[in-house]
Amino acid sequence: MGGDRTIRETLRGWAFLAPLAVFILGFVFVPVAGTFIDSLHREVTFLPRAFIGLGNYRSLSSDPWFWQSLRFTVLFVLVSVPLELVLGMAFALLLHRPSRARGALRACVLLPWAVPAAVSGRVFELVCNFQYGPANYIAERLGLTVGPVNWLGSAWGAFFALVAGDTWKTAPFVAVLFLAGLSAIPGDLYRQAAVDRAGPLQRFTRITLPLLRPVVVVALLFRTIDALRVFDLVFVLTRGGPGGSTTSLSLYGYDAFAGGDVGYGSAVSVVLFLVAFALSAAYVRIGRFGRGLS
Amino acid sequence: MRMRAIFRVLCAVSAFLAAAAPPSPAGAITFAVGGAPSEFDQWERLAREFEGKTGIRVELLRQPTDTGLRRQGLSVSLQARGSSPDAFLMDVAWLAQFAASGWLEPLDPFLGKEGCAGREAFFPRMIDAVDTYDGRVAALPVYVDGGLLYYRKDLLEKYGLPGPPRTWDELLRYSEVVQRGERRSRPGFYAFVWQGAQYEGLVCDFLEFAGASGEFGVENGAVVIDTPRNREALRFMRDLIGKYGISPPNTYTDMREEEVRTFFQEGNALFERNWPYAFALHESRGSPVRGKTGVAPLPGWSPGGGAASLGGWHAGISRFSESKPESAKFLCYLASYDTQKDLARRLGWNPARRDVYADPELLAKNPHFPELRAVFENARPRPLLPYYSRLSAILQRHVNAALSGMSTPEEALSAARREMQAIVSRYR
Amino acid sequence: MNGEGRTRLPYLAAAAAMTAYCIGPIVFMALTAVSRRPDFLSPGAGLEFTAAHFLEVLRTKSLHFLEYFRNSLVVSAVSAALSVSVAAPAAYAITRLEVPGRTAVLFSALAVSMFPQVSLVGYLFRLMTSLGWINTYAALVLPYTAWILPLSLWILTSYFSSVPRDLDRAALIDGCGPLEALRKVIVPVAAPGIFSTALLAFIFAFNELLFALMLTTDHHARTIPVGVALFEGLHGEIPWGAVMAAATLSTAPVVALTLLFQRRIIQGLTRGAVKE
């Protein structure tokens with residue numbers, strides 16, 4: 001094969017990639033760069049635009065609301081992601097077991113994933129409702145509480161409502177990922193373990209978990225990033241309340257944009273972006289993610 | 001095959017992308033309002049009547065009830081310079097930002113002409129101080145709000161008290177007497193309920209507790225909030241809950257307008273701080289306090305030294321509207337004597353025009369109207385700053401923290417001043 | 001696994017609990033939508049069926065529900081079609097052509113899917129404003145397409161690489177150009193994969209909230225999630241029956257798609273995430 005042919009093929013390949021590149025550059029990379037630039041400006045509806053260097057970031061560092069939303073966001077990730085992984089693993093093990101109803105079960109489990117977060121937010125808002133919500137009904141039946149609890153009226157109640165809503169919607173996604181990992185484990189290994197008289201727990205910790213490790217890292221990465229940028233559920237279910245205690249970084253940024261301070265909102269977004277970026281880089285290093293790709 | 005179908009879709013795409021939102025039909029305007037379903041029905045009726053009179057169609061754009069969401073929705077449309085909505089209703093606290101951002105069309109050319117009310121028809125405190133920006137009228141008041149003191153006439157009489165308190169000290173004294181007596185039969189009785197939850201209403205209440213000599217604003221770039229009078233007011237508010245125990249312990253977690261109103265309406269309180277809307281509800285059929293409720297101006301630190309916070313909703317026209325004269329006609333229609341009277345009669349909204357308060361028909365139904373008019377004449381606006389909502393958020397947080405005992409009133413106000421100063425320097 | 005008989009009962013119980021957990025809230029939503037009162041669970045109140053809430057949502061013109069619905073369908077379908085047709089040639093180039101830097105392309109695409117939406121939306125808002133495109137379909141379709149592209153690219157790359165190379169090589173030898181080879185050979189063979197990709201793309205676009213909230217202002221372009229999120233505010237009396245009727249209607253398309261194509265969706269999801 002001559003050099004000419006290689007060059008032609010390369011050019012053709014780039015031509016095939018061009019539309020993708022245009023879209024991603026134009027509507028993802030350029031906006032992100034624009035957000036970086038905006039964050040260095042005073043960009044407020046009622047004042048002329050002006051370059052202020054790190055001024056917005058200086059304001060952020062002394063803004064208690066910003067620290068509050070950072071704290072909330074981190075806590076939300078730390079609580080909801082492990083819960084989702086554990087629940088997702090349990091679902092995956094259940095779904096993996098051969099059964100006549102397996103197809104129906106999988107469809108059921110997939111449903112919460114497909115429901116728009118705006119809808120599940122409204123549903124959980126009603127579930128937690130002081131007067132009508134089943135949360136109070138169930139908690140009282142189980143003897144957990146006496147009298148109705150105003151879940152969304154207290155900082156902790158609202159936090160757990162959000163965790164419950166997020167777990168409900170995303171544990172199924174995690175389960176689907178784990179299920180794929182489980183089906184890739186050769187059955188021979190388990191038969192061998194049975195011969196060696198390994199109990200179910202030993203089989204899980206010695207075979208299933210180690211072999212699932214790459215999938216667990218992928219799920220951890222996806223879920224962490226998603227929980228870090230949580231917006232829909234918070235916007236609908238608590239609106240960041242009560243008293244701003246459940247404002248996520250995304251919501252804080254949006255509130256600044258919608259309130260007319262694009263520069264400040266951009267600074268918040270850049271911080272979130274950097275946190276997400278640092279975390280994914282760390283995961284990719286730890287998990288050796290995508291090693292077999294190239 | 002499939003690919004060809006996809007390419008065909010791709011062609012259709014370009015057609016869609018080119019299609020912008022259709023503008024509203026000629027001779028029609030879009031008016032954005034929110035509020036409860038019952039209010040929305042009234043807006044629909046007004047729109048129909050207006051169309052019958054003028055032939056101009058008004059399409060209503062329904063907004064959420066939550067004021068924060070309403071402001072964000074409008075602010076997004078206006079930042080985007082969209083021609084819809086043409087006109088909209090604004091809370092008094094947003095006016096400064098909207099006007100300073102250049103989003104509001106000056107209304108001066110329309111006022112006082114062709115059956116449109118002139119400036120003098122409205123409360124001067126509103127039209128001159130709140131609606132005028134840079135010397136030009138940017139919005140018209142549609143209804144007025146101001147803080148009031150509701151009291152139980154029957155209980156004051158029962159304990160031989162002369163009438164509604166004129167000072168906070170009197171309020172405290174009356175409260176202690178009545179609460180001690182009423183607790184015997186009603187263990188859940190608290191003498192005084194007001195708005196203490198962390199939200200905009202708390203700022204209104206705080207400024208009212210500080211009274212006419214309280215201060216909140218920006219003077220020559222310096223934030224004025226940490227003053228002796230304000231500190232005293234905040235100590236008093238905290239002590240009402242803790243030391244004196246005449247306000248319920250959930251004041252700073254739960255108490256907003258509706259919680260306060262229900263508490264009072266169920267007969268569990270002697271005094272209530274609330275907006276005028278509560279009157280009609282207290283007097284409604286089946287209300288336990290029906291016929292027992294009185295209305296008075298809020299007390300002050302000396303007799304006559306009280307000050308109501310000014311609230312209310314205003315209508316403005318978008319600078320980006322393509323139907324400004326038609327929109328102005330609709331605004332003038334809203335501010336007309338008949339419409340104002342109609343809104344007062346049907347929704348209990350307080351007219352923004354002074355002359356309506358003397359209407360015999362309304363007076364017969366609302367004997368407290370002269371009292372209201374006096375309150376609105378003297379009501380005090382919150383600072384008219386484009387970044388007011390940011391200052392307010394800081395104040396809400398710190399005043400609430402002081403009420404809950406997380407910080408002392410002194411710490412709270414000095415921290416609030418510091419944080420507000422940072423905001424002021426940022427936006428100056 | 002062994003011990004079928006012994007573990008059957010706990011298995012059934014666990015499966016029942018899982019099912020109840022997953023569909024419980026959905027059933028509750030649907031029941032509230034058809035119940036005369038929202039508090040049908042509390043003692044003394046029963047479940048009385050009514051269609052009034054659905055009729056209210058569909059008939060109240062000022063709610064614009066049908067318009068939101070139409071906007072959502074159009075925007076999601078167009079975005080899905082567009083992202084698949086852009087991703088397909090790219091996936092072809094990555095799996096079939098000698099392109100330097102294709103790993104870089106794949107990984108930058110992966111990185112893009114990690115970006116928080118909020119770090120784009122402020123600038124997109126200003127961009128669309130200056131173009132005069134706020135509140136049009138374009139304001140949503142273009143960012144959605146870009147946003148879904150990484151996912152589409154990964155799934156399609158995975159599907160295309162499982163198509164035997166001999167197939168399209170034969171087509172190339174027969175004198176087809178690469179575009180024809182893609183269209184005539186790979187696309188038909190990988191059709192199920194393309195369908196799964198489009199399905200996922202549709203669901204992602206259908207459920208998106210933040211961009212729609214910022215880039216549209218009224219019923220001319222607003223989508224269902226915004227409609228549901230802003231369906232009355234937090235204060236005052238929330239008409240729960242109507243809210244849940246709206247929620248049920250907006251969930252119906254994605255639920256139907258999920259139930260119909262469960263297998264495909266699971267395949268697509270795992271292809272995108274787990275390289276086998």
# chains A, B, ... in the order shown; residues from 1 in each chain; ligands from 1
>>> interface_residues(of="chain C", to="chain B", cutoff="8 Å", atoms="only C-alpha atoms", output="PyMOL selection string")
chain C and resi 62-63+78+81-82+85+125-126+129+132-138+183-184+187-188+191+214+217-218+220-221+230-237
>>> interface_residues(of="chain A", to="chain B", cutoff="6 Å", atoms="only C-alpha atoms", output="PyMOL selection string")
chain A and resi 45-46+243+258-259
>>> write_last_selection(atoms="C-alpha atoms", output="JSON list (two decimals), in the first residue's frame")
[["chain", "number", "residue", "atom", "x", "y", "z"],
["A", 45, "THR", "CA", -27.92, 42.35, 33.76],
["A", 46, "PHE", "CA", -27.89, 45.77, 35.35],
["A", 243, "GLY", "CA", -33.46, 27.52, 54.12],
["A", 258, "ALA", "CA", -31.60, 32.89, 36.17],
["A", 259, "GLY", "CA", -31.21, 35.72, 38.67]]
>>> closest_atom_pairs(of="chain A", to="chain C", cutoff="6 Å", atoms="only C-alpha atoms", output="tab-separated table")
residue	atom	partner	partner_atom	distance
A:Thr10	CA	C:Val99	CA	5.1
A:Gly13	CA	C:Ala93	CA	5.0
A:Phe16	CA	C:Pro89	CA	5.2
A:Leu17	CA	C:Ala90	CA	4.5
A:Leu20	CA	C:Val86	CA	5.8
A:Phe23	CA	C:Ala146	CA	5.3
A:Ile24	CA	C:Ala146	CA	5.3
A:Phe27	CA	C:Pro143	CA	5.6
A:Pro31	CA	C:Leu120	CA	5.1
A:Val32	CA	C:Leu120	CA	5.3
A:Gly34	CA	C:Tyr123	CA	5.8
A:Thr35	CA	C:Tyr123	CA	5.6
A:Ala107	CA	C:Gln262	CA	5.6
A:Val109	CA	C:Cys22	CA	5.8
A:Val115	CA	C:Thr251	CA	5.9
A:Pro116	CA	C:Asn207	CA	4.6
A:Ala118	CA	C:Pro225	CA	5.4
A:Val119	CA	C:Ala247	CA	5.5
A:Tyr132	CA	C:Asp39	CA	4.6
A:Leu177	CA	C:Thr270	CA	5.7
A:Arg229	CA	C:Pro116	CA	5.6
A:Val236	CA	C:Ala229	CA	5.6
A:Ser250	CA	C:Val118	CA	5.8
A:Ser269	CA	C:Ser119	CA	4.7
>>> select_by_dssp(residues="stretch 6-174 of chain C", states="helix (DSSP H, G or I)", output="ChimeraX atom specification")
/C:6-34,52-59,61-63,65-96,102-112,118-131,137-161,165-173
>>> residues_around(residues="C:Arg264", least_positions_apart="5", cutoff="9 Å", atoms="only C-alpha atoms", output="number ranges by chain")
C: 192-193, 195-197, 199, 258, 269
>>> select_by_dssp(residues="stretch 6-150 of chain B", states="strand (DSSP E)", output="PyMOL selection string")
chain B and resi 28-33+57-62+87-91+132-133+136-137+140-146+148-150
>>> closest_residue(among="A:Gly121, A:Gly181, A:Gly244, A:Gly88", to="A:Leu209", atoms="only C-alpha atoms")
A:Gly181
>>> residues_around(residues="B:Met126", least_positions_apart="4", cutoff="9 Å", atoms="only C-alpha atoms", output="ChimeraX atom specification")
/B:122,130-132,140-141,144,310,352,376-377,379,381
>>> write_last_selection(atoms="N, CA and C atoms", output="short mmCIF file (atom, residue, chain, number, x, y, z; two decimals), in the first residue's frame")
data_model
loop_
_atom_site.label_atom_id
_atom_site.label_comp_id
_atom_site.auth_asym_id
_atom_site.auth_seq_id
_atom_site.Cartn_x
_atom_site.Cartn_y
_atom_site.Cartn_z
N PHE B 122 -52.42 57.40 42.44
CA PHE B 122 -51.87 56.30 43.24
C PHE B 122 -51.26 56.81 44.54
N VAL B 130 -41.34 53.68 44.40
CA VAL B 130 -41.11 52.31 43.95
C VAL B 130 -41.18 52.19 42.44
N ASP B 131 -42.19 52.82 41.84
CA ASP B 131 -42.42 52.60 40.42
C ASP B 131 -41.58 53.52 39.54
N THR B 132 -40.98 54.54 40.14
CA THR B 132 -40.22 55.48 39.33
C THR B 132 -38.75 55.13 39.41
N LEU B 140 -46.82 50.24 36.92
CA LEU B 140 -47.99 50.74 37.63
C LEU B 140 -48.37 49.75 38.73
N PRO B 141 -48.71 50.27 39.90
CA PRO B 141 -49.13 49.35 40.97
C PRO B 141 -50.49 48.75 40.63
N VAL B 144 -51.80 46.77 46.51
CA VAL B 144 -50.87 47.19 47.55
C VAL B 144 -50.94 46.23 48.72
N LEU B 310 -43.84 47.78 52.89
CA LEU B 310 -44.67 47.93 51.71
C LEU B 310 -44.50 46.71 50.81
N ALA B 352 -54.66 49.99 44.43
CA ALA B 352 -53.47 50.82 44.41
C ALA B 352 -53.85 52.28 44.26
N PHE B 376 -51.16 52.27 54.25
CA PHE B 376 -50.45 52.28 52.97
C PHE B 376 -49.82 53.65 52.69
N GLU B 377 -50.47 54.71 53.17
CA GLU B 377 -49.90 56.04 52.96
C GLU B 377 -48.51 56.11 53.59
N ALA B 379 -46.58 53.27 54.49
CA ALA B 379 -45.80 52.03 54.42
C ALA B 379 -44.41 52.32 53.84
N PRO B 381 -41.01 51.15 51.80
CA PRO B 381 -40.49 50.16 50.86
C PRO B 381 -39.18 49.57 51.38
#
>>> atom_distance(atom1="atom CA of B:Leu149", atom2="atom CA of A:Phe130")
29.0 Å
